[in-house]
Amino acid sequence: MFAILRFMKTKSRALGISSLFVLLITTLPVQSQEVIWTVGLDDNGWPCPSASGGPDACFVQENWVVNPLPGSPYSESVDRMADNDYYFAGSYFYVIESNGVYDPVGYVDYDETAAERALVPGDNEMRYHFNLPADMKPTDLLSVTFDMLNLDESGGNARYGVSVYVNGVLVQPMIVITPAQLDRDYTTPPFTLESVNAVAGPDYDNIVTLKGKDFASEGGGNWMGIDYVRLNRESSAVPVPVFPWSVGSDDDGWPTGTGGGPNATFVNGNGSINALPGNATTADNDYYT
């Protein structure tokens, strides 16, 4: 269990403006995760260590085309010979309606050995096919974790967007990755099986999809590399944070308020930092609730 309270005071001497921002993260239960599957590992590389797939999948150069579903479960571990569909060993006879209409591939004898290594313009999608454990219930929780390895920085304003879907349902709105966000584990909010139309047990073709958004025409670069993608079974949900107080509101302005707190009036700074404890009745560096 933990609780974090942070506040930051920023002052612009050029504008003579002082503003206060407050963030409170409430006490949260410690979560535990069970890894259901992973494609690659958090190893900051694109190894090709074996023919066993899954955590040892071989990351190969993408082919710059998004193929239609269902794709092939037998890609070669050769650059440009993998497709957008990575398959784990299982049976795929039933299409989940929210994934569209296609003929499923049937039995897959082993984890696919090769996966495309990057999102690129014209090839901005990676789909991971899997069966869920048969003991999972519709109300059980899942999450997706991913890590981006590298980013084309030749355009001068390197950035790339990525969002996550499960069975066609958005579970992570687009995150824009810049060089500062590389080698960082991103985990979606937990979601239930039923909320993404997932079906446990054999035969059902569940799909996790990473969708990229390139900014190549705006100097954002032409590719973003994937370090690994992982599906987790969550033990508990994260509660919504509670904000018991605030100074100002998220209104993109400095209105003249009445009453303080979220309705506080923001005024020009006085050009100096006073000593504690400050004054509770006039504007200085110390605001009192």
# chains A, B, ... in the order shown; residues from 1 in each chain; ligands from 1
>>> residues_around(residues="Thr178 of chain A", least_positions_apart="4", cutoff="12 Å", atoms="only C-alpha atoms", output="MDAnalysis selection string")
chainID A and resid 148:153 156:162 182:184 214:215 220:221 223:224
>>> write_last_selection(atoms="C-alpha atoms", output="PDB file, in the first residue's frame")
ATOM      1  CA  MET A 148       9.257   0.596 -27.483  1.00  0.00           C
ATOM      2  CA  LEU A 149      12.917   0.052 -28.296  1.00  0.00           C
ATOM      3  CA  ASN A 150      13.936   2.779 -30.737  1.00  0.00           C
ATOM      4  CA  LEU A 151      12.659   5.548 -32.966  1.00  0.00           C
ATOM      5  CA  ASP A 152      13.720   7.099 -36.263  1.00  0.00           C
ATOM      6  CA  GLU A 153      15.153  10.499 -35.321  1.00  0.00           C
ATOM      7  CA  GLY A 156      14.180  16.429 -36.535  1.00  0.00           C
ATOM      8  CA  ASN A 157      11.015  16.055 -34.409  1.00  0.00           C
ATOM      9  CA  ALA A 158      11.039  12.355 -33.559  1.00  0.00           C
ATOM     10  CA  ARG A 159       7.739  10.972 -32.319  1.00  0.00           C
ATOM     11  CA  TYR A 160       5.356   8.120 -33.063  1.00  0.00           C
ATOM     12  CA  GLY A 161       1.896   7.287 -31.758  1.00  0.00           C
ATOM     13  CA  VAL A 162       0.717   3.880 -30.580  1.00  0.00           C
ATOM     14  CA  LEU A 182      11.745   4.833 -25.138  1.00  0.00           C
ATOM     15  CA  ASP A 183      12.661   1.819 -22.986  1.00  0.00           C
ATOM     16  CA  ARG A 184       9.666   2.457 -20.764  1.00  0.00           C
ATOM     17  CA  ASP A 214       3.296   8.028 -37.843  1.00  0.00           C
ATOM     18  CA  PHE A 215       4.122  11.718 -38.076  1.00  0.00           C
ATOM     19  CA  GLY A 220       8.329  12.612 -36.850  1.00  0.00           C
ATOM     20  CA  GLY A 221      10.366   9.808 -38.405  1.00  0.00           C
ATOM     21  CA  TRP A 223       9.627   3.861 -37.865  1.00  0.00           C
ATOM     22  CA  MET A 224       9.337   2.870 -34.209  1.00  0.00           C
TER      23      MET A 224
END
>>> residues_around(residues="Asp205 of chain A", least_positions_apart="3", cutoff="7 Å", atoms="only C-alpha atoms", output="PDB file with C-alpha atoms, in the first residue's frame")
ATOM      1  CA  TYR A  92      -8.405 -20.938 -34.025  1.00  0.00           C
ATOM      2  CA  TYR A  94     -14.127 -19.252 -34.260  1.00  0.00           C
ATOM      3  CA  VAL A  95     -13.893 -15.585 -35.195  1.00  0.00           C
ATOM      4  CA  ILE A  96     -14.841 -13.045 -32.526  1.00  0.00           C
ATOM      5  CA  HIS A 129      -3.458 -14.107 -31.852  1.00  0.00           C
ATOM      6  CA  PHE A 130      -4.000 -16.270 -28.771  1.00  0.00           C
ATOM      7  CA  ASN A 131      -6.295 -18.562 -26.808  1.00  0.00           C
TER       8      ASN A 131
END
>>> closest_residue(among="A:Phe146, A:Trp254, A:Tyr86, A:Tyr204", to="Asp185 of chain A", atoms="only C-alpha atoms")
A:Phe146
>>> closest_residue(among="A:Asn268, A:Thr192, A:Ser52, A:Thr187", to="Ala283 of chain A", atoms="only C-alpha atoms")
A:Asn268
>>> atom_distance(atom1="atom CA of Ser98 of chain A", atom2="atom CA of Asn167 of chain A")
5.9 Å
>>> closest_residue(among="A:Met174, A:Ile207, A:Val65, A:Val247", to="Asp286 of chain A", atoms="only C-alpha atoms")
A:Val247
>>> atom_distance(atom1="atom CA of Asp111 of chain A", atom2="atom CA of Tyr87 of chain A")
6.2 Å
>>> residues_around(residues="Leu210 of chain A", least_positions_apart="2", cutoff="6 Å", atoms="only C-alpha atoms", output="list in words")
Glu125, Met126, Ser163 and Val164 of chain A
>>> residues_around(residues="Gly71 of chain A", least_positions_apart="4", cutoff="10 Å", atoms="only C-alpha atoms", output="list in words")
Val66, Asn67, Ser75, Ala82, Asp83, Asn84, Asp85, Tyr86, Tyr87, Tyr102, Asp103, Pro104, Val105 and Arg127 of chain A
>>> select_by_dssp(residues="segment 26-242 of chain A", states="helix (DSSP H, G or I)", output="PyMOL selection string")
chain A and resi 97-99+179-181+194-196+216-218
>>> write_last_selection(atoms="N, CA and C atoms", output="PDB file, in the first residue's frame")
ATOM      1  N   GLU A  97     -16.672 -11.666 -33.288  1.00  0.00           N
ATOM      2  CA  GLU A  97     -17.367 -10.778 -34.224  1.00  0.00           C
ATOM      3  C   GLU A  97     -16.736  -9.400 -34.333  1.00  0.00           C
ATOM      4  N   SER A  98     -16.262  -8.851 -33.211  1.00  0.00           N
ATOM      5  CA  SER A  98     -15.708  -7.489 -33.237  1.00  0.00           C
ATOM      6  C   SER A  98     -14.373  -7.415 -33.968  1.00  0.00           C
ATOM      7  N   ASN A  99     -13.807  -8.569 -34.348  1.00  0.00           N
ATOM      8  CA  ASN A  99     -12.573  -8.578 -35.132  1.00  0.00           C
ATOM      9  C   ASN A  99     -12.825  -8.567 -36.635  1.00  0.00           C
ATOM     10  N   PRO A 179      11.821  10.258 -28.025  1.00  0.00           N
ATOM     11  CA  PRO A 179      13.024   9.578 -27.529  1.00  0.00           C
ATOM     12  C   PRO A 179      13.063   9.437 -26.006  1.00  0.00           C
ATOM     13  N   ALA A 180      12.495  10.393 -25.289  1.00  0.00           N
ATOM     14  CA  ALA A 180      12.503  10.325 -23.824  1.00  0.00           C
ATOM     15  C   ALA A 180      11.612   9.212 -23.286  1.00  0.00           C
ATOM     16  N   GLN A 181      10.649   8.730 -24.099  1.00  0.00           N
ATOM     17  CA  GLN A 181       9.730   7.686 -23.644  1.00  0.00           C
ATOM     18  C   GLN A 181      10.143   6.288 -24.087  1.00  0.00           C
ATOM     19  N   GLU A 194     -15.140  -9.686 -20.707  1.00  0.00           N
ATOM     20  CA  GLU A 194     -16.404  -9.376 -21.369  1.00  0.00           C
ATOM     21  C   GLU A 194     -16.404  -7.991 -21.992  1.00  0.00           C
ATOM     22  N   SER A 195     -15.601  -7.065 -21.450  1.00  0.00           N
ATOM     23  CA  SER A 195     -15.588  -5.710 -22.003  1.00  0.00           C
ATOM     24  C   SER A 195     -14.909  -5.645 -23.368  1.00  0.00           C
ATOM     25  N   VAL A 196     -14.113  -6.666 -23.709  1.00  0.00           N
ATOM     26  CA  VAL A 196     -13.434  -6.703 -25.011  1.00  0.00           C
ATOM     27  C   VAL A 196     -13.878  -7.914 -25.833  1.00  0.00           C
ATOM     28  N   ALA A 216       5.444  11.109 -40.019  1.00  0.00           N
ATOM     29  CA  ALA A 216       6.559  11.237 -40.952  1.00  0.00           C
ATOM     30  C   ALA A 216       6.483  12.529 -41.755  1.00  0.00           C
ATOM     31  N   SER A 217       5.286  12.940 -42.147  1.00  0.00           N
ATOM     32  CA  SER A 217       5.139  14.152 -42.949  1.00  0.00           C
ATOM     33  C   SER A 217       5.404  15.421 -42.149  1.00  0.00           C
ATOM     34  N   GLU A 218       5.510  15.273 -40.822  1.00  0.00           N
ATOM     35  CA  GLU A 218       5.758  16.408 -39.944  1.00  0.00           C
ATOM     36  C   GLU A 218       7.124  16.301 -39.263  1.00  0.00           C
TER      37      GLU A 218
END
>>> select_by_dssp(residues="segment 17-240 of chain A", states="strand (DSSP E or B)", output="ChimeraX atom specification")
/A:17-28,33-39,53,56,58-60,85-87,90-95,106-108,114-116,118-120,123,125-132,141-151,160-166,169-177,185-187,191-192,200-214,224-234
>>> closest_residue(among="A:Thr265, A:Glu34, A:Gly212, A:Ser154", to="Val176 of chain A", atoms="only C-alpha atoms")
A:Gly212
>>> atom_distance(atom1="atom CA of Asp43 of chain A", atom2="atom CA of Asp147 of chain A")
9.9 Å
>>> closest_residue(among="A:Glu76, A:Asp140, A:Glu62, A:Asp135", to="Thr113 of chain A", atoms="only C-alpha atoms")
A:Glu76
>>> residues_around(residues="Pro277 of chain A", least_positions_apart="5", cutoff="10 Å", atoms="only C-alpha atoms", output="list in words")
Asn285, Asp286, Tyr287 and Tyr288 of chain A
>>> residues_around(residues="Asp284 of chain A", least_positions_apart="5", cutoff="10 Å", atoms="only C-alpha atoms", output="mmCIF file with N, CA and C atoms, in the first residue's frame")
data_model
loop_
_atom_site.group_PDB
_atom_site.id
_atom_site.type_symbol
_atom_site.label_atom_id
_atom_site.label_comp_id
_atom_site.auth_asym_id
_atom_site.auth_seq_id
_atom_site.Cartn_x
_atom_site.Cartn_y
_atom_site.Cartn_z
ATOM 1 N N SER A 18 2.333 33.733 -10.961
ATOM 2 C CA SER A 18 2.566 32.562 -10.127
ATOM 3 C C SER A 18 1.345 31.661 -10.201
ATOM 4 N N VAL A 267 -3.229 35.711 -9.348
ATOM 5 C CA VAL A 267 -2.759 37.096 -9.462
ATOM 6 C C VAL A 267 -1.269 37.122 -9.797
ATOM 7 N N ASN A 268 -0.774 38.289 -10.185
ATOM 8 C CA ASN A 268 0.644 38.456 -10.482
ATOM 9 C C ASN A 268 1.504 38.138 -9.274
ATOM 10 N N GLY A 269 2.679 37.518 -9.531
ATOM 11 C CA GLY A 269 3.629 37.283 -8.461
ATOM 12 C C GLY A 269 4.287 38.580 -8.009
ATOM 13 N N ASN A 270 4.878 38.558 -6.796
ATOM 14 C CA ASN A 270 5.497 39.776 -6.254
ATOM 15 C C ASN A 270 7.001 39.825 -6.483
ATOM 16 N N GLY A 271 7.555 38.857 -7.204
ATOM 17 C CA GLY A 271 8.965 38.908 -7.576
ATOM 18 C C GLY A 271 9.926 38.372 -6.550
ATOM 19 N N SER A 272 9.423 37.829 -5.437
ATOM 20 C CA SER A 272 10.325 37.272 -4.418
ATOM 21 C C SER A 272 9.643 36.087 -3.745
ATOM 22 N N ILE A 273 10.472 35.240 -3.096
ATOM 23 C CA ILE A 273 9.944 34.097 -2.351
ATOM 24 C C ILE A 273 10.030 34.410 -0.868
ATOM 25 N N ASN A 274 8.864 34.441 -0.215
ATOM 26 C CA ASN A 274 8.845 34.725 1.225
ATOM 27 C C ASN A 274 9.194 33.493 2.034
ATOM 28 N N ALA A 275 9.600 33.724 3.257
ATOM 29 C CA ALA A 275 9.898 32.615 4.179
ATOM 30 C C ALA A 275 8.606 31.988 4.683
ATOM 31 N N GLY A 278 4.468 32.157 5.666
ATOM 32 C CA GLY A 278 3.693 32.953 4.739
ATOM 33 C C GLY A 278 2.452 33.524 5.393
ATOM 34 N N ASN A 279 1.585 34.083 4.565
ATOM 35 C CA ASN A 279 0.391 34.762 5.064
ATOM 36 C C ASN A 279 -0.850 34.075 4.526
#
>>> closest_residue(among="A:Phe191, A:Phe266, A:Leu132, A:Thr256", to="Asn206 of chain A", atoms="only C-alpha atoms")
A:Leu132
